[in-house]
Each structure stands twice: as C-alpha cells, then as structure tokens.
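Data block below; observations after.
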There are 2 protein chains.
Amino acid sequence: MAKDKTRARPRAETPKGFRDYFGAEVTERTEMLHQIAGVYHAYGFDALETSAVETVEALGKFLPDVDRPNEGVFGWQDEDADWLALRYDLTAPLARVYAQFRNDLPTPYRRYAMGPVWRNEKPGPGRFRQFYQCDADTVGAPSVAADAEICAMLSDTLEVVGIPRGDYQIKVNNRKVLNGVMEVAGVLDPSDPEKFMAERGIVLRAIDKFDRLGDAGVRALLGAGRKDDSGDFTKGAGLSDEQAEIVMGFMFARRDTGAATVARLRELVTGSAVGATGVDELETIAELLDAQGYGPDRIMIDPAVVRGLGYYTGPVYEAELTFEILDEKGRPRQFGSVSGGGRYDDLVKRFTGQEVPATGVSIGVDRLLAALRAKGRMGQKTAQGPVVVTVMDRDRMADYQSIVAELRRAGIRAEVYLGNPKQFGNQLKYADKRNSPVAIIEGGDEKARGVVQIKDLVLGAQIAASASLEEWKDRPSQYEVPRADMVARVKAILAGQA
Amino acid sequence: MAKDKTRARPRAETPKGFRDYFGAEVTERTEMLHQIAGVYHAYGFDALETSAVETVEALGKFLPDVDRPNEGVFGWQDEDADWLALRYDLTAPLARVYAQFRNDLPTPYRRYAMGPVWRNEKPGPGRFRQFYQCDADTVGAPSVAADAEICAMLSDTLEVVGIPRGDYQIKVNNRKVLNGVMEVAGVLDPSDPEKFMAERGIVLRAIDKFDRLGDAGVRALLGAGRKDDSGDFTKGAGLSDEQAEIVMGFMFARRDTGAATVARLRELVTGSAVGATGVDELETIAELLDAQGYGPDRIMIDPAVVRGLGYYTGPVYEAELTFEILDEKGRPRQFGSVSGGGRYDDLVKRFTGQEVPATGVSIGVDRLLAALRAKGRMGQKTAQGPVVVTVMDRDRMADYQSIVAELRRAGIRAEVYLGNPKQFGNQLKYADKRNSPVAIIEGGDEKARGVVQIKDLVLGAQIAASASLEEWKDRPSQYEVPRADMVARVKAILAGQA
C-alpha cells in the first residue's frame with residue numbers, strides 16, 4: 001500500500017509499442033478499408049470477423065517447453081486454465097473457423113477479414129505492437145485459378161485505393177519451382193522430404209533478404225555464412241559454389257515476358273518432378289492473367305520473390321510500390337512491399353487431419369496509407385473541421401443551437417462552441433485548432449438587425465500569411481449577411497475553399 | 001509431453017464467451033457504424049481510435065489485494081513487469097488520452113470512438129466477452145448545453161440507423177436531483193459527503209432495477225433488504241418507510257411535460273442546494289431541446305432513470321426502444337435500453353489532479369442491430385450472394401474469368417466456381433449455399449453458338465416451392481441469351497428481384 005501511495009496518480013500513457021490514432025488518421029483508414037471491402041465483395045468474397053482472442057492451441061504457438069506460451073503473442077491463462085492470446089494475424093483464425101464450421105460453410109469459402117492484429121515484439125520506430133491487416137483468402141480451391149484471381153483482385157484493389165498503374169508491381173513465384181531448383185542443386189531429396197530441411201530454410205531466408213544484403217550477402221548465406229556489420233555471424237546453408245550458382249541462377253531467371261520466364265525456369269528445373277509442376281502452375285497463372293488483360297506491367301512472374309513465411313506450399317505473390325519516397329534521412333528509396341500472400345495447403349490440416357487447399361493475400365493497410373500520404377494523395381479534405389458557431393451571449397444558447405441545426409440540415413458539419421465563452425479570442429483559437437473553415441458570429445446587435453457575421457477562416461489565414469494591406473481591403477474575410485442567407489453563403493464559401 | 005500426444009490436434013473452437021461474425025452480420029454492423037459516424041461527424045465530433053491494450057493502472061481496475069488484477073478485465077503481465085489489459089469500455093481510454101494529450105487537443109474535445117471492448121465476465125446466452133461500443137463524448141465543456149446536444153444527437157442517430165420516431169424514447173435525469181432527494185430523505189449530509197455513501201449506492205442500484213423488481217422489490221431494497229426467488233438475500237439501505245416514500249415519490253415524479261416534471265422535482269428537493277442546482281440543469285436541458293424541436297415524444301425528463309454506474313455526477317440519459325419483440329419463450333416484451341450515458345466530471349482527474357468536466361453516450365451497437373433484425377428491417381439485400389459463373393469445361397477457365405470480369409465492370413458482384421467442377425450439381429448447390437441470385441452456364445455448345453444460359457435462382461426457388469406445372473411453363477427460370485446481351489439480361493433479372 002505504501003508503494004501505491006507514492007504514485008497516487010496513474011500515468012497517462014499507452015503501453016510501450018502502442019499508439020492512438022486521431023481524426024483523419026482514423027477516417028482515412030476506415031475509408032480505405034471500405035474501398036478494399038468493396039473490391040473483395042465484388043469478387044464474391046464474404047466478410048468474416050473473428051474474435052480478437054483465440055485459444056493458444058488454436059493459434060498454434062504453444063511451445064511445450066516454456067512456462068508461458070507468449071512467445072511473439074500476448075497471452076494469459078484464463079480462469080478455467082486455458083491459455084488465451086490475442087491473434088497475431090488473420091490467417092490462423094481463418095483456419096480455425098474453417099475447421100470449426102466446414103460443414104456449414106460453402107466450399108470453396110471465399111472470405112475477407114479486416115482488423116487489428118497484435119504482436120508481442122520489441123517495438124521500434126514505426127513498428128507497433130498493434131496494427132491493421134486486411135486479408136482475402138479462398139479455402140478449398142485446389143486450382144491455381146484461385147491464386148490468379150487473388151493477384152488480379154490485388155491489382156484492382158491497389159488501383160481503387162489510389163495507386164495508379166505504373167506505381168505498383170505485383171510479382172508471382174512458386175515454392176514448388178524453388179523446391180525443384182533445390183532438388184537440382186542437391187539439397188532436396190524427394191524420397192526423404194525431411195533431409196536438408198534446415199539448409200532449405202536458410203536458402204529461403206537468404207533469397208528473401210536479397211534487397212537488403214545484395215549478391216555477396218546472399219552468396220555468403222548460401223555458403224559458409226555471413227558476418228554482419230555488428231560482427232554477428234549468421235550460419236550459412238553450406239552450399240558449394242556450384243550449388244549456390246544454381247540457386248542464384250533461379251533468382252535471376254526473370255525475363256521480359258511471362259512466357260520467356262517460364263521457359264527459362266523449365267530449363268533450370270529439368271529433372272525435378274515438383275519443379276515441373278511448379279512451372280506448369282506458373283504458366284497457367286500467367287495465361288489466365290494475360291487473358292484478362294493483366295500484363296507484366298501489373299503482374300509479372302519474378303523468381304526472386306519467395307516470401308519468408310515457412311507455411312507456403314505453392315504460388316507466392318507480393319505487391320510492391322515502385323515509386324520513391326524520402327526515408328527518415330532524406331535519401332530517396334523505393335517504398336517497397338505493401339502486400340503479400342500465397343498458397344498454404346496445410347493450415348486447416350492441423351485441426352482436421354485432412355489437407356485443405358487455401359490461398360490468400362494480406363494487405364498492410366497502415367503501410368499503404370503511409371504510401372498515399374507520402375505521395376500527398378491523402379489528408380486534405382478529410383482533415384477539415386466543423387463550422388464553429390461562436391457564443392456571444394451565454395443566455396442565447398438555444399439560438400446558437402438552432403443555427404447549427406440549420407447548417408447540419410443543409411449537410412454542413414457544424415457545432416456550437418461549448419467551452420467557457422467569456423473570452424471571444426479563445427473561441428477563434430479553438431476554431432483554428434479544429435481546422436474550421438468558417439466561424440459564425442451573432443451578437444445581440446446582429447440578432448436585433450437580423451444578420452450574422454461569417455468569418456472565412458481559410459481566407460483569413462491566407463491574408464494574414466501573405467497579403468498586403470491593399471489586397472486585404474479588396475478581399476475581406478468577414479461578411480455580414482442577412483440571417484436568412486446564412487446557409488447559402490456558408491455553402492458558397494465552402495465550395496470556394498474546396 | 002505424453003499429455004500433448006494424446007491430443008495431437010488442437011480443438012477448432014473460439015474461447016468460451018467469444019464468437020465469430022459472418023457475412024451480413026459483419027457488413028450490417030459496418031454499415032451501421034458508418035451511419036452513426038456520419039451523424040457524430042456532422043455534429044463536429046472527431047474520430048479517435050485508441051489501442052485495444054492499456055496499462056491496468058490507466059484503466060483503473062487495479063485491486064491491490066489480489067494477485068492478478070484481472071477482476072472483470074483480461075489482463076497479463078508484460079515482460080517489463082507492467083500489467084496490461086484489454087479495454088473494458090471506451091471511456092477509460094478517452095480519459096487517459098485527454099490527460100496525455102490535453103495540451104495539444106482542442107478544448108472542448110468532442111470525440112467519437114467505435115470498436116470492440118472486452119469483459120472478463122461469465123458468459124451467458126446472448127452475453128459475450130467481446131462486443132462493440134460506439135461512443136461520443138465532449139470533454140472540457142462544463143455547460144449542460146453539451147448534455148442537451150448529446151441527447152439531440154442520440155435522437156438523430158437512432159432515426160438515421162432506422163428506428164422511426166415513436167419507436168424510441170430518450171429519457172434524461174440528473175444525479176444532483178437524486179442527491180437532493182437523498183438529502184431531503186436524510187441519507188446525504190452536504191458537510192460530510194462520505195457519510196451514508198453505501199446507503200446511497202444501494203438506493204441508486206435499487207432504482208435502476210425497478211423495471212425488473214417492481215415497486216415491492218425496490219421498497220424492500222430501500223428498507224431492510226430483499227430475498228430473491230433463489231433465496232439469496234440482498235442487504236437493503238435501511239431507510240425508514242418515510243424515507244423510502246420520499247425516494248419513491250422522486251421515481252414517480254414524471255409529468256406530461258418537461259416543465260411540469262421540473263416543477264414537481266423542485267417541490268421534492270426543497271431545502272437542498274445540490275437538488276436545486278440539478279433541477280435548474282434539467283430545466284435548461286429541457287428548454288434547449290424544446291427550442292430545437294426535440295419534444296417529449298423524443299426526449300423527456302424521467303426521474304426513474306438513474307443509470308447504475310457510480311461515476312456519473314450530473315445529467316444522465318438513456319435511450320429505450322419502445323416497441324415489443326418476442327422473447328426466447330415467445331412472450332412479448334419491450335425491447336428496452338440500447339444506449340446510455342451521462343456526465344462524469346472526475347475521470348480525467350484521476351490522472352491530472354484537476355477536475356475536467358465531461359459528458360458522453362455509449363450506443364450498444366450489437367443490441368441495436370438485434371432490434372432492427374427483430375423488426376425485419378435488416379438482412380434482406382445485404383445477404384445476397386454473388387452471381388456464380390459455372391465451369392463446364394475446366395480448360396476454358398480464362399473464358400469464365402472474362403465473363404466475371406465483364407459482370408464486375410458492370411457493377412455486378414460475380415465469381416467463377418473454383419471448386420472441383422466435375423459434378424455440375426455441386427456447382428448449383430454451391431450457388432444455393434451462397435444465396436446467389438443468378439448462375440451463368442457456358443458449355444462448349446453454347447460457346448460455339450455465341451450464347452450463354454442464365455439461371456434465375458431466386459425465381460427458380462420460388463417455382464420449386466410453390467408454382468404448379470402450368471405456371472412453371474409460362475415463366476421459365478432459365479434463359480438462353482446471346483453472349484453480348486448477358487450483362488444487360490443479368491442486370492434486368494437483379495432489378496426484378498430487388
């Protein structure tokens with residue numbers, strides 16, 4: 001108790017790694033989610049909202065040798081002894097839902113989901129422990145037509161939210177082709193799938209890091225290992241130079257057209273059955289997308305894309321924004337990935353024992369919003385505040401409420417100042433802080449004469465910032481209008497500001 | 001490890017008290033939240049989205065004498081020893097945000113927030129441990145004009161989401177009037193506010209339970225106590241019959257007009273300063289609302305409404321739906337409360353030491369949706385599935401994709417069947433499960449002749465359910481149309497179904 005006394009007041013802080021979102025940050029995200037849901041819905045996907053809380057066993061993060069299974073997740077023990085946790089993505093809950101309701105759900109089950117996910121990870125600059133995902137998945141469709149459809153939908157989605165064609169690139173690859181290359185390189189033995197598994201994991205992660213590590217870094221990881229700038233050593237896959245050369249050849253197999261890339265890949269996996277299947281699948285995807293007009297300017301086959309996650313079993317895909325932004329040090333850099341996904345045929349099997357084919361994509365909504373803001377394509381209109389009706393006479397609150405009601409009925413966002421009205425300056429400061437476009441003033445004198453004063457706050461700010469006295473005289477930012485003309489005049493001012 | 005072996009597969013279940021929401025359940029809620037946000041926004045409220053996770057000390061649920069502070073909340077200890085928890089409402093996070101950012105936020109700060117909250121309570125039928133709230137609060141406005149505004153906004157909101165005037169009633173009261181009545185009854189001593197606090201808590205909760213317990217039950221709780229049907233005894237406030245009579249008189253002080261109720265309340269609190277202030281505030285609220293046309297058919301003063309929460313300090317308000325629905329046993333009953341709120345001037349003070357006036361409302365979105373569904377005002381159009389393009393020839397997937405792309409470009413929700421196409425019957429069963437309005441069929445023969453078959457599945461179902469053979473002949477539910485006419489014909493069918 002003594003300890004509690006010394007800090008009687010709680011700290012007004014979010015927990016470390018969490019943050020609050022204000023005003024336009026919220027409404028712009030809501031609007032983007034609405035746009036994305038519109039595309040997903042048009043493609044026949046149905047909404048699903050699972051609870052934020054799952055059992056740890058359903059999430060699949062239970063590590064039997066640690067006391068608390070909260071590695072990477074926020075977990076706690078429920079009163080009836082079950083360990084519960086916040087979901088860390090939207091895919092694990094989908095697998096649970098499909099397993100739970102598979103007899104009632106249609107097959108294939110196309111579903112979309114959007115909402116926050118939580119990661120119990122070390123927060124960093126721009127890295128939060130709660131963030132939004134927006135996923136679409138098709139469960140129960142073995143055909144790669146489902147993968148092609150998701151790539152096409154991803155392309156449509158990016159354009160609908162405001163990324164024009166040319167500013168993004170969707171890249172498709174296939175894990176089976178990579179496995180074929182591994183087989184050719186001698187680190188995959190079809191008769192013993194477990195053999196060389198660790199090596200293949202290292203190769204996968206090395207390829208995934210090419211953008212950051214470059215040719216030499218990846219080759220080091222494919223071989224003996226790599227020492228980073230801090231001196232830390234990462235163990236390599238132990239491939240010989242010849243083996244590494246085969247893998248590097250795969251990474252650079254991209255050609256100008258899908259057909260040419262497919263032909264090159266077919267050469268590279270000669271002799272591997274799984275590799276041949278993978279190339280066939282890529283060819284089918286490319287043909288389907290070509291037939292619908294999604295050419296390589298939008299969706300291309302790129303063997304350098306592998307996606308880091310272990311659970312993908314076939315096609316993988318990724319959307320990159322190709323324009324440059326300035327990083328925190330002012331240097332131009334490509335914006336990079338905003339979305340990724342692929343086929344995972346084993347996640348439902350955890351629950352049911354039966355393999356259920358599934359493929360899906362996840363869009364990083366917060367990253368996409370950051371991209372649009374970096375390009376100046378967001379944040380103007382949505383941040384506008386309400387018209388503020390000032391209070392000149394505290395006893396005439398009902399009059400002021402009637403004014404705002406009239407404005408609102410005309411579709412104009414408006415409010416009465418509800419702070420202490422004694423100092424008029426505070427009311428205008430408030431309007432300024434709210435980013436209000438217009439203030440309305442009706443003192444006793446105006447009331448008696450049947451007029452109101454309308455202050456154009458946007459123009460006023462412009463005049464204050466730039467204009468000379470003569471210009472100011474020509475363009476007053478405050479008008480007196482008959483009370484009956486108020487709504488029309490406010491509408492005209494707002495239209496002029498837009 | 002042995003134990004783990006015996007249950008190798010995880011159970012596909014939500015944790016107890018949690019559930020999933022499918023399709024229209026999600027989109028209808030999203031649409032309602034969008035409508036509510038529209039009204040809040042028009043009234044000048046800004047969006048705020050706080051993180052789902054707060055420190056337990058910020059939430060204010062820390063009980064120093066229990067080992068884990070998870071009484072009522074889901075809590076866990078973070079790695080750096082802080083206790084964290086899921087928010088249990090949207091008001092506590094608002095108080096934390098206002099305290100944290102008070103120098104940057106406008107004052108008054110009007111904000112709205114919507115999202116899930118979590119309660120670690122025993123779940124029951126229709127009672128879940130995660131549910132949605134949708135709040136609007138004004139922080140830093142001492143005037144009861146802020147309370148009146150929120151009542152008016154609540155009225156507008158209910159009508160916008162589809163509750164017509166006459167089907168709802170907003171009731172306003174004031175805790176200060178109740179305190180005045182307590183003073184008159186002798187259970188409040190202005191010179192010692194702590195005295196009789198427990199008794200006043202019992203009185204408050206007794207009044208709040210009038211709907212359920214009736215006159216005799218409330219009187220028992222005001223007096224010695226009450227034994228319920230199960231035999232459990234609840235201690236009463238120990239009021240004498242005379243004291244109880246004063247409280248009961250307050251509960252039944254409602255008159256036909258706000259002015260008459262105010263006059264009656266003024267009689268009842270004669271001699272109490274706090275009571276007089278409370279009556280003045282109610283009078284101001286009634287006048288402001290009357291002046292804006294919100295008469296007692298929409299918002300009335302009702303002294304029987306007290307709201308159970310301890311933290312309210314002034315006006316309290318509640319919205320009830322007045323129509324009857326059938327309960328689970330088929331008996332008609334009033335739907336009841338869907339929203340409530342009031343003024344709480346002490347929540348921010350916990351953090352800053354300074355009293356900050358605040359008032360706000362919370363709408364139980366899931367209850368409101370249930371009400372609209374019970375009245376049959378929801379769930380028709382939103383539940384419609386996509387047009388399903390069937391797959392007659394597995395090798396012509398690109399053709400089928402072109403058909404859906406064409407339908408989507410015309411604004412029609414559509415998809416290709418992506419399951420195993422071998423059995424055509426399964427494709428129609430799938431369309432049925434998806435609640436599809438139309439199926440498109442293009443076999444090799446149709447392709448050669450440049451036509452498609454269009455199946456009107458809604459009409460087909462009606463015919464199957466009701467029509468005689470003759471009618472069926474007159475109104476076939478399947479049409480053959482030239483491929484070029486497909487979109488126009490599908491549009492016409494959808495328009496006819498609407």
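The way I read the labels, and the way they are meant: chains A, B, ... in the order of the structure tokens, residue 1 as the first residue of every chain, and ligand 1 as the first ligand shown, with later ones counted on from there.
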Give me, as an MDAnalysis selection string, the residues of stretch 116-314 of chain A that a backbone DSSP run labels helix (DSSP H, G or I).
chainID A and resid 145:161 175:185 197:208 210:222 241:251 258:268 273:291
With 7 Å as the cut-off and only C-alpha atoms counted, what is the closest atom pair between each nearby residue of chain B and chain A? Distances in Å to one decimal, ordered by chain and number, as a Markdown table.
| residue | atom | partner | partner_atom | distance |
| --- | --- | --- | --- | --- |
| B:Arg9 | CA | A:Phe351 | CA | 5.4 |
| B:Pro10 | CA | A:Phe351 | CA | 5.6 |
| B:Arg11 | CA | A:Phe351 | CA | 6.5 |
| B:Ala12 | CA | A:Gln100 | CA | 5.1 |
| B:Glu13 | CA | A:Gln100 | CA | 6.4 |
| B:Thr14 | CA | A:Glu54 | CA | 5.9 |
| B:Pro15 | CA | A:Thr55 | CA | 5.8 |
| B:Phe18 | CA | A:Ser51 | CA | 6.2 |
| B:Arg19 | CA | A:Ser51 | CA | 6.1 |
| B:Asp20 | CA | A:Thr50 | CA | 4.4 |
| B:Tyr21 | CA | A:Glu49 | CA | 5.0 |
| B:Phe22 | CA | A:Leu48 | CA | 4.7 |
| B:Gly23 | CA | A:Ala47 | CA | 4.5 |
| B:Val26 | CA | A:Ala47 | CA | 6.2 |
| B:Thr27 | CA | A:Ala47 | CA | 6.9 |
| B:His41 | CA | A:Arg413 | CA | 6.9 |
| B:Ala42 | CA | A:Arg413 | CA | 4.2 |
| B:Tyr43 | CA | A:Glu415 | CA | 5.7 |
| B:Gly44 | CA | A:Pro386 | CA | 5.3 |
| B:Asp46 | CA | A:Gly23 | CA | 5.2 |
| B:Ala47 | CA | A:Gly23 | CA | 4.5 |
| B:Leu48 | CA | A:Phe22 | CA | 4.7 |
| B:Glu49 | CA | A:Tyr21 | CA | 5.0 |
| B:Thr50 | CA | A:Asp20 | CA | 4.4 |
| B:Ser51 | CA | A:Asp20 | CA | 6.0 |
| B:Glu54 | CA | A:Pro15 | CA | 5.9 |
| B:Thr55 | CA | A:Pro15 | CA | 5.8 |
| B:Glu57 | CA | A:Pro10 | CA | 5.6 |
| B:Ala58 | CA | A:Pro10 | CA | 5.7 |
| B:Trp76 | CA | A:Trp76 | CA | 5.6 |
| B:Arg96 | CA | A:Ala12 | CA | 5.1 |
| B:Ala99 | CA | A:Ala12 | CA | 6.0 |
| B:Gln100 | CA | A:Ala12 | CA | 5.1 |
| B:Pro106 | CA | A:Lys433 | CA | 6.0 |
| B:Thr107 | CA | A:Gly419 | CA | 6.7 |
| B:Pro108 | CA | A:Gly419 | CA | 5.6 |
| B:Gly140 | CA | A:Gly419 | CA | 6.8 |
| B:Ala141 | CA | A:Gly419 | CA | 5.0 |
| B:Ser143 | CA | A:Leu418 | CA | 6.9 |
| B:Ala146 | CA | A:Leu418 | CA | 6.6 |
| B:Leu288 | CA | A:Ala398 | CA | 5.2 |
| B:Ala291 | CA | A:Ala398 | CA | 6.1 |
| B:Gln292 | CA | A:Ser402 | CA | 6.0 |
| B:Arg350 | CA | A:Arg9 | CA | 6.1 |
| B:Phe351 | CA | A:Arg9 | CA | 5.3 |
| B:Pro386 | CA | A:Gly44 | CA | 5.3 |
| B:Ala398 | CA | A:Leu288 | CA | 5.2 |
| B:Ser402 | CA | A:Gln292 | CA | 6.0 |
| B:Arg408 | CA | A:Ala42 | CA | 6.4 |
| B:Ile412 | CA | A:Ala42 | CA | 6.8 |
| B:Arg413 | CA | A:Ala42 | CA | 4.2 |
| B:Ala414 | CA | A:Gly44 | CA | 5.6 |
| B:Glu415 | CA | A:Gly44 | CA | 5.5 |
| B:Leu418 | CA | A:Ala141 | CA | 5.5 |
| B:Gly419 | CA | A:Ala141 | CA | 5.1 |
| B:Tyr430 | CA | A:Pro106 | CA | 6.2 |
| B:Lys433 | CA | A:Pro106 | CA | 6.1 |
| B:Arg434 | CA | A:Pro106 | CA | 6.8 |
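You will find atom CA of B:Thr234 at 15.9 Å from atom CA of B:Asp215.
As for atom CA of A:Asp89 and atom CA of A:Ala319, they are spaced 18.4 Å apart.
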Within stretch 38-221 of chain B, find each residue whose DSSP state, derived from the backbone, is strand (DSSP E), and express the selection as a PyMOL selection string.
chain B and resi 46-49+53-55+75-77+83-86+109-118+130-139+168-174
Kindly export the residues of the current selection with N, CA and C atoms, as a short mmCIF file (atom, residue, chain, number, x, y, z; two decimals), in the first residue's frame.
data_model
loop_
_atom_site.label_atom_id
_atom_site.label_comp_id
_atom_site.auth_asym_id
_atom_site.auth_seq_id
_atom_site.Cartn_x
_atom_site.Cartn_y
_atom_site.Cartn_z
N ASP B 46 -14.80 14.40 -33.59
CA ASP B 46 -13.67 13.84 -34.34
C ASP B 46 -13.44 12.39 -33.93
N ALA B 47 -12.97 11.61 -34.88
CA ALA B 47 -12.71 10.19 -34.60
C ALA B 47 -11.47 10.03 -33.71
N LEU B 48 -11.52 9.04 -32.86
CA LEU B 48 -10.35 8.63 -32.06
C LEU B 48 -10.34 7.11 -32.01
N GLU B 49 -9.19 6.53 -32.29
CA GLU B 49 -9.07 5.08 -32.10
C GLU B 49 -7.89 4.81 -31.20
N VAL B 53 -5.21 -2.34 -26.05
CA VAL B 53 -4.47 -2.69 -24.83
C VAL B 53 -4.10 -1.41 -24.07
N GLU B 54 -4.36 -1.41 -22.78
CA GLU B 54 -3.99 -0.29 -21.90
C GLU B 54 -3.21 -0.85 -20.71
N THR B 55 -2.49 0.01 -20.02
CA THR B 55 -1.94 -0.45 -18.75
C THR B 55 -3.10 -0.56 -17.76
N GLY B 75 -6.31 -9.46 -18.28
CA GLY B 75 -5.05 -8.82 -18.00
C GLY B 75 -3.89 -9.79 -18.01
N TRP B 76 -2.70 -9.29 -18.24
CA TRP B 76 -1.49 -10.10 -18.19
C TRP B 76 -0.30 -9.21 -17.86
N GLN B 77 0.77 -9.84 -17.41
CA GLN B 77 1.94 -9.07 -17.03
C GLN B 77 2.91 -9.02 -18.20
N TRP B 83 1.51 -4.45 -15.74
CA TRP B 83 0.30 -5.22 -16.02
C TRP B 83 -0.45 -4.52 -17.15
N LEU B 84 -0.80 -5.27 -18.17
CA LEU B 84 -1.58 -4.74 -19.29
C LEU B 84 -2.95 -5.41 -19.30
N ALA B 85 -3.91 -4.78 -19.97
CA ALA B 85 -5.24 -5.38 -20.05
C ALA B 85 -5.95 -4.87 -21.29
N LEU B 86 -6.93 -5.65 -21.74
CA LEU B 86 -7.81 -5.20 -22.81
C LEU B 86 -8.80 -4.19 -22.25
N TYR B 109 -13.04 19.05 -26.24
CA TYR B 109 -12.64 17.99 -27.17
C TYR B 109 -13.85 17.09 -27.39
N ARG B 110 -14.40 17.18 -28.61
CA ARG B 110 -15.51 16.30 -28.99
C ARG B 110 -14.93 15.13 -29.75
N ARG B 111 -15.12 13.94 -29.23
CA ARG B 111 -14.58 12.80 -29.97
C ARG B 111 -15.59 11.67 -30.01
N TYR B 112 -15.53 10.89 -31.10
CA TYR B 112 -16.28 9.64 -31.13
C TYR B 112 -15.32 8.49 -31.29
N ALA B 113 -15.75 7.32 -30.85
CA ALA B 113 -14.91 6.12 -30.93
C ALA B 113 -15.83 4.93 -31.11
N MET B 114 -15.40 3.97 -31.91
CA MET B 114 -16.18 2.76 -32.09
C MET B 114 -15.25 1.58 -32.17
N GLY B 115 -15.66 0.49 -31.56
CA GLY B 115 -14.81 -0.69 -31.63
C GLY B 115 -15.16 -1.67 -30.54
N PRO B 116 -14.49 -2.83 -30.56
CA PRO B 116 -14.79 -3.84 -29.56
C PRO B 116 -14.23 -3.48 -28.19
N VAL B 117 -14.92 -3.95 -27.16
CA VAL B 117 -14.41 -3.89 -25.78
C VAL B 117 -14.54 -5.31 -25.22
N TRP B 118 -13.80 -5.57 -24.15
CA TRP B 118 -13.71 -6.93 -23.64
C TRP B 118 -14.05 -6.95 -22.14
N GLN B 130 -16.70 -10.24 -25.76
CA GLN B 130 -16.24 -9.18 -26.65
C GLN B 130 -17.46 -8.62 -27.36
N PHE B 131 -17.65 -7.32 -27.32
CA PHE B 131 -18.79 -6.72 -28.03
C PHE B 131 -18.43 -5.29 -28.42
N TYR B 132 -19.26 -4.74 -29.32
CA TYR B 132 -18.96 -3.40 -29.86
C TYR B 132 -19.60 -2.30 -29.03
N GLN B 133 -18.87 -1.21 -28.89
CA GLN B 133 -19.48 0.02 -28.37
C GLN B 133 -19.22 1.13 -29.38
N CYS B 134 -20.04 2.16 -29.30
CA CYS B 134 -19.92 3.29 -30.21
C CYS B 134 -20.25 4.53 -29.39
N ASP B 135 -19.21 5.28 -29.04
CA ASP B 135 -19.34 6.35 -28.05
C ASP B 135 -19.13 7.73 -28.67
N ALA B 136 -19.76 8.73 -28.08
CA ALA B 136 -19.43 10.13 -28.37
C ALA B 136 -19.36 10.86 -27.03
N ASP B 137 -18.31 11.62 -26.84
CA ASP B 137 -18.12 12.35 -25.58
C ASP B 137 -17.61 13.75 -25.85
N THR B 138 -18.00 14.68 -25.00
CA THR B 138 -17.45 16.03 -25.05
C THR B 138 -16.69 16.26 -23.74
N VAL B 139 -15.38 16.49 -23.85
CA VAL B 139 -14.55 16.68 -22.67
C VAL B 139 -14.19 18.16 -22.56
N TYR B 168 -38.83 4.95 -30.27
CA TYR B 168 -37.79 5.10 -29.25
C TYR B 168 -38.16 6.25 -28.32
N GLN B 169 -37.54 6.28 -27.17
CA GLN B 169 -37.77 7.32 -26.19
C GLN B 169 -36.45 7.57 -25.48
N ILE B 170 -36.00 8.83 -25.50
CA ILE B 170 -34.79 9.17 -24.75
C ILE B 170 -35.24 9.81 -23.44
N LYS B 171 -34.66 9.35 -22.35
CA LYS B 171 -35.04 9.83 -21.02
C LYS B 171 -33.83 10.47 -20.35
N VAL B 172 -34.08 11.61 -19.73
CA VAL B 172 -33.00 12.37 -19.10
C VAL B 172 -33.31 12.55 -17.63
N ASN B 173 -32.30 12.47 -16.81
CA ASN B 173 -32.45 12.75 -15.39
C ASN B 173 -31.16 13.43 -14.92
N ASN B 174 -31.04 13.65 -13.62
CA ASN B 174 -29.85 14.32 -13.11
C ASN B 174 -29.51 13.76 -11.74
#
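Pairwise distance (atom CA of B:Ser466, atom CA of B:Gly330) equals 28.5 Å.
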Would you mind listing what lies within 6 Å of B:Arg119 as a JSON list (two decimals) with N, CA, C and O atoms, in the first residue's frame, with only C-alpha atoms counted and same-chain residues fewer than 5 positions away left out?
[["chain", "number", "residue", "atom", "x", "y", "z"],
["B", 72, "GLY", "N", -12.73, -8.71, -13.83],
["B", 72, "GLY", "CA", -13.57, -8.05, -14.83],
["B", 72, "GLY", "C", -12.86, -7.71, -16.12],
["B", 72, "GLY", "O", -13.51, -7.39, -17.10],
["B", 73, "VAL", "N", -11.53, -7.73, -16.12],
["B", 73, "VAL", "CA", -10.80, -7.44, -17.36],
["B", 73, "VAL", "C", -9.90, -8.63, -17.71],
["B", 73, "VAL", "O", -9.60, -9.47, -16.87],
["B", 88, "TYR", "N", -12.09, -2.30, -21.25],
["B", 88, "TYR", "CA", -13.42, -2.84, -20.97],
["B", 88, "TYR", "C", -14.51, -1.87, -21.40],
["B", 88, "TYR", "O", -15.69, -2.19, -21.41],
["B", 129, "ARG", "N", -18.11, -11.98, -24.30],
["B", 129, "ARG", "CA", -17.00, -11.33, -23.60],
["B", 129, "ARG", "C", -16.27, -10.32, -24.51],
["B", 129, "ARG", "O", -15.34, -9.67, -24.08]]
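Near stretch 487-492 of chain A, within a cut-off of 9 Å and counting only C-alpha atoms, sit the residues A:Val387, A:Glu406, A:Leu407, A:Ala410, A:Ile412, A:Val438, A:Ile454, A:Asp456, A:Val481, A:Arg483, A:Ala484, A:Asp485, A:Leu494, A:Ala495, A:Gly496, A:Gln497, with same-chain residues fewer than 2 positions away left out.
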Write out as an NGL selection string the residues lying within 8 Å of stretch 176-189 of chain B, counting only C-alpha atoms and excluding same-chain residues fewer than 3 positions away.
:B and (173 or 192-193 or 195-197 or 199-200 or 243-244 or 246-247 or 250 or 265 or 268-279 or 313-315)
Any idea what's packed within 12 Å of B:Asp393, counting only C-alpha atoms, ignoring anything in its chain fewer than 2 positions away? Could you give it as a list of chain:residue names?
B:Val389, B:Thr390, B:Val391, B:Asp395, B:Arg396, B:Met397, B:Ala398, B:Asp399, B:Tyr400, B:Tyr417, B:Asn420, B:Pro421, B:Lys422, B:Gln423, B:Phe424, B:Ile441, B:Glu442, B:Gly443, B:Gly444, B:Asp445, B:Glu446, B:Lys447
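All residues of protein, DNA or RNA that reach within 12 Å of A:Asp167, judged by only C-alpha atoms and not counting those fewer than 2 positions away in the chain, are Ser155, Leu158, Glu159, Gly162, Ile163, Pro164, Arg165, Gln169, Ile170, Asp297, Arg298, Ala319, Glu320, Leu321, Thr322, Phe323, Glu324, Ile325, Gln334, Phe335, Gly336, Ser337, Ala371, Leu372 and Lys375 of chain A.
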